[in-house]
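Here is the structure we will look at, set down as structure tokens.
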Amino acid sequence: MPEFDPRSYAYPSRRNVVYARKAMACTSIPQGAQIGLDVMKAGGNAVDAAVAMAAAMPLLEPTSNGLGSDCFALVWVEAEKKLYGLNASGVAPMALSADKVRELGFDQVPKEGWLPTMVPGAPSAWAELRRRFGTKSMAELMAPAISYARDGFCIPVNVYKQWKAEVVRFTAAAKEDPAVFGPWLEYFTKNGQPYAP
């Protein structure tokens, strides 16, 4: 078994290894991790923090997973000395079949557009994790995401670059194939312009 030596960290990163005595939260951007820390400081447990962070990340980092994503969780309950697992994979819509995909002119499910969109598993997973392991109400756990949505927030530089590139890509795709991407322009634009950073 390899041993980890924090004084000799071989991976290219500008971040240092972090240690904590009471709690730790981690997301790809600082605002998300701060939500987790705030939830735990307010008496929530790690599951509460994870649900609150997960609910905010589709807003804070829309270029990553969103509300339409999957959710997988491993939860260790120290008092029971037991590990629980949750597989909340999204599922294909009931009306979608291989025959329907072929009927629409595809020999496989395309990578983009509405056809590969699944029924999301994440929101139901958050509710189940909170119900089974959490200590806070769903309203309390959604409050940080709602606050950021109402009040706004600073967009991290890396998210800005990704978001800007995706706006260009999806706008071009919508004009090229309005049947597939046209609804994107209708639902994800304001005054005819895509939401942009």
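Ordering of the structure tokens sets the chain letters (A, B, ...), residue numbers begin anew at 1 in every chain, and ligands are numbered from 1 in the order given.
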
Range 52-116 of chain A: residues DSSP assigns to helix (DSSP H, G or I), reported as a list in words | Ala52, Met53, Ala54, Ala55, Ala56, Met57, Pro58, Leu59, Leu60, Ala98, Asp99, Lys100, Val101, Arg102 and Glu103 of chain A

With range 131-148 of chain A as the partner and 10 Å as the cut-off, tabulate the residues of range 10-53 of chain A that qualify, each row holding the nearest pair of atoms and their distance in Å to one decimal, using only C-alpha atoms, sorted by chain and rising number, as a tab-separated table.
residue	atom	partner	partner_atom	distance
A:Gln31	CA	A:Tyr148	CA	9.6
A:Gly32	CA	A:Ala145	CA	9.3
A:Gln34	CA	A:Pro144	CA	9.9
A:Ile35	CA	A:Pro144	CA	6.7
A:Gly36	CA	A:Leu141	CA	9.6
A:Asp38	CA	A:Pro144	CA	9.3
A:Val39	CA	A:Leu141	CA	7.7
A:Ala42	CA	A:Lys136	CA	9.6
A:Gly43	CA	A:Thr135	CA	8.3
A:Gly44	CA	A:Thr135	CA	6.0
A:Asn45	CA	A:Gly134	CA	6.7
A:Ala46	CA	A:Gly134	CA	8.1
A:Val47	CA	A:Gly134	CA	5.7
A:Asp48	CA	A:Gly134	CA	5.2
A:Ala49	CA	A:Leu141	CA	7.7
A:Ala50	CA	A:Leu141	CA	9.3
A:Val51	CA	A:Leu141	CA	6.8
A:Ala52	CA	A:Leu141	CA	4.7
A:Met53	CA	A:Ala145	CA	8.2

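One finds CA of Lys111 in chain A at 14.7 Å from CA of Gly68 in chain A.
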
Tell me, which residues of range 41-176 of chain A carry DSSP strand (DSSP E), written as number ranges by chain?
-> A: 71-77, 82-88

Serialized selection, N, CA, C and O atoms, as a short mmCIF file (atom, residue, chain, number, x, y, z; two decimals), in the first residue's frame:
data_model
loop_
_atom_site.label_atom_id
_atom_site.label_comp_id
_atom_site.auth_asym_id
_atom_site.auth_seq_id
_atom_site.Cartn_x
_atom_site.Cartn_y
_atom_site.Cartn_z
N CYS A 71 -26.61 11.04 -9.09
CA CYS A 71 -26.06 11.24 -7.76
C CYS A 71 -25.73 9.87 -7.17
O CYS A 71 -26.54 8.95 -7.21
N PHE A 72 -24.53 9.76 -6.68
CA PHE A 72 -24.09 8.54 -6.01
C PHE A 72 -23.53 8.95 -4.65
O PHE A 72 -22.86 9.96 -4.54
N ALA A 73 -23.82 8.17 -3.64
CA ALA A 73 -23.35 8.53 -2.31
C ALA A 73 -22.95 7.30 -1.51
O ALA A 73 -23.59 6.25 -1.62
N LEU A 74 -21.89 7.45 -0.74
CA LEU A 74 -21.49 6.49 0.28
C LEU A 74 -21.54 7.23 1.60
O LEU A 74 -20.90 8.28 1.73
N VAL A 75 -22.29 6.73 2.55
CA VAL A 75 -22.45 7.39 3.84
C VAL A 75 -22.06 6.42 4.94
O VAL A 75 -22.66 5.36 5.10
N TRP A 76 -21.04 6.78 5.69
CA TRP A 76 -20.60 5.99 6.84
C TRP A 76 -21.27 6.54 8.09
O TRP A 76 -21.15 7.72 8.40
N VAL A 77 -21.99 5.66 8.79
CA VAL A 77 -22.64 6.07 10.04
C VAL A 77 -21.82 5.46 11.18
O VAL A 77 -21.87 4.26 11.43
N LYS A 82 -21.58 1.29 10.11
CA LYS A 82 -22.20 0.75 8.91
C LYS A 82 -22.06 1.72 7.74
O LYS A 82 -22.17 2.94 7.92
N LEU A 83 -21.82 1.16 6.56
CA LEU A 83 -21.70 1.94 5.33
C LEU A 83 -22.98 1.78 4.52
O LEU A 83 -23.43 0.66 4.28
N TYR A 84 -23.55 2.90 4.09
CA TYR A 84 -24.73 2.89 3.24
C TYR A 84 -24.35 3.42 1.88
O TYR A 84 -23.50 4.30 1.76
N GLY A 85 -24.98 2.90 0.84
CA GLY A 85 -24.74 3.36 -0.52
C GLY A 85 -26.04 3.77 -1.19
O GLY A 85 -27.10 3.21 -0.90
N LEU A 86 -25.96 4.76 -2.06
CA LEU A 86 -27.13 5.22 -2.82
C LEU A 86 -26.73 5.37 -4.27
O LEU A 86 -25.74 6.03 -4.59
N ASN A 87 -27.49 4.74 -5.15
CA ASN A 87 -27.30 4.88 -6.59
C ASN A 87 -28.54 5.57 -7.13
O ASN A 87 -29.59 4.96 -7.25
N ALA A 88 -28.43 6.85 -7.39
CA ALA A 88 -29.55 7.61 -7.94
C ALA A 88 -29.23 8.00 -9.38
O ALA A 88 -29.21 9.17 -9.75
#

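For Ser28 in chain A, the residues within 10 Å (counting only C-alpha atoms, excluding itself and residues fewer than 5 positions away along the chain) are A:Ala33, A:Met57, A:Leu60, A:Glu61, A:Ser64, A:Val159.
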
Can those selected residues be exported to a file as a PDB file, in the first residue's frame so that it contains all heavy atoms?
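Once everything was written out, this is out.pdb:
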ATOM      1  N   ALA A  33     -17.835  25.227  -1.289  1.00  0.00           N
ATOM      2  CA  ALA A  33     -17.257  24.725  -0.044  1.00  0.00           C
ATOM      3  C   ALA A  33     -17.688  25.579   1.146  1.00  0.00           C
ATOM      4  O   ALA A  33     -17.953  25.062   2.238  1.00  0.00           O
ATOM      5  CB  ALA A  33     -15.736  24.673  -0.154  1.00  0.00           C
ATOM      6  N   MET A  57     -24.410  23.937  -6.522  1.00  0.00           N
ATOM      7  CA  MET A  57     -23.408  23.851  -7.592  1.00  0.00           C
ATOM      8  C   MET A  57     -23.965  24.013  -9.017  1.00  0.00           C
ATOM      9  O   MET A  57     -23.287  24.591  -9.866  1.00  0.00           O
ATOM     10  CB  MET A  57     -22.613  22.549  -7.461  1.00  0.00           C
ATOM     11  CG  MET A  57     -21.685  22.530  -6.249  1.00  0.00           C
ATOM     12  SD  MET A  57     -20.522  23.910  -6.193  1.00  0.00           S
ATOM     13  CE  MET A  57     -19.440  23.464  -7.557  1.00  0.00           C
ATOM     14  N   LEU A  60     -23.837  27.767  -9.198  1.00  0.00           N
ATOM     15  CA  LEU A  60     -22.515  28.358  -9.029  1.00  0.00           C
ATOM     16  C   LEU A  60     -21.534  27.927 -10.120  1.00  0.00           C
ATOM     17  O   LEU A  60     -20.619  28.664 -10.464  1.00  0.00           O
ATOM     18  CB  LEU A  60     -21.940  27.981  -7.663  1.00  0.00           C
ATOM     19  CG  LEU A  60     -22.737  28.461  -6.446  1.00  0.00           C
ATOM     20  CD1 LEU A  60     -22.135  27.898  -5.165  1.00  0.00           C
ATOM     21  CD2 LEU A  60     -22.779  29.975  -6.404  1.00  0.00           C
ATOM     22  N   GLU A  61     -21.713  26.729 -10.638  1.00  0.00           N
ATOM     23  CA  GLU A  61     -20.832  26.219 -11.689  1.00  0.00           C
ATOM     24  C   GLU A  61     -21.678  25.518 -12.751  1.00  0.00           C
ATOM     25  O   GLU A  61     -21.678  24.299 -12.864  1.00  0.00           O
ATOM     26  CB  GLU A  61     -19.794  25.256 -11.098  1.00  0.00           C
ATOM     27  CG  GLU A  61     -18.719  24.879 -12.080  1.00  0.00           C
ATOM     28  CD  GLU A  61     -17.672  23.961 -11.467  1.00  0.00           C
ATOM     29  OE1 GLU A  61     -17.982  23.211 -10.535  1.00  0.00           O
ATOM     30  OE2 GLU A  61     -16.525  24.009 -11.943  1.00  0.00           O
ATOM     31  N   SER A  64     -20.661  22.533 -15.152  1.00  0.00           N
ATOM     32  CA  SER A  64     -20.431  21.176 -14.649  1.00  0.00           C
ATOM     33  C   SER A  64     -21.770  20.449 -14.602  1.00  0.00           C
ATOM     34  O   SER A  64     -22.677  20.763 -15.344  1.00  0.00           O
ATOM     35  CB  SER A  64     -19.775  21.261 -13.267  1.00  0.00           C
ATOM     36  OG  SER A  64     -19.290  20.011 -12.866  1.00  0.00           O
ATOM     37  N   VAL A 159     -14.758  29.231 -14.379  1.00  0.00           N
ATOM     38  CA  VAL A 159     -16.154  29.031 -14.776  1.00  0.00           C
ATOM     39  C   VAL A 159     -16.533  30.038 -15.859  1.00  0.00           C
ATOM     40  O   VAL A 159     -17.224  29.701 -16.823  1.00  0.00           O
ATOM     41  CB  VAL A 159     -17.096  29.140 -13.559  1.00  0.00           C
ATOM     42  CG1 VAL A 159     -18.558  29.078 -13.993  1.00  0.00           C
ATOM     43  CG2 VAL A 159     -16.788  28.044 -12.557  1.00  0.00           C
TER      44      VAL A 159
END

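For the pair CA of Asp177 in chain A and CA of Asn158 in chain A, the separation is 28.4 Å.
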
Take CA of Trp163 in chain A and CA of Ser69 in chain A and report the distance between them in Å, one decimal.
-> 17.7 Å

Which of A:Lys161, A:Gly113, A:Asp70, A:Trp126 sits closest to Ala174 in chain A [using only C-alpha atoms] |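 The closest residue to Ala174 in chain A is A:Gly113.
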
If we count only C-alpha atoms, what is near Pro116 in chain A at a cut-off of 12 Å, once residues fewer than 5 positions away on the same chain are taken out, given as a VMD selection string?
-> chain A and resid 68 to 69 90 to 93 96 to 98 100 to 101 106 108 to 111 180
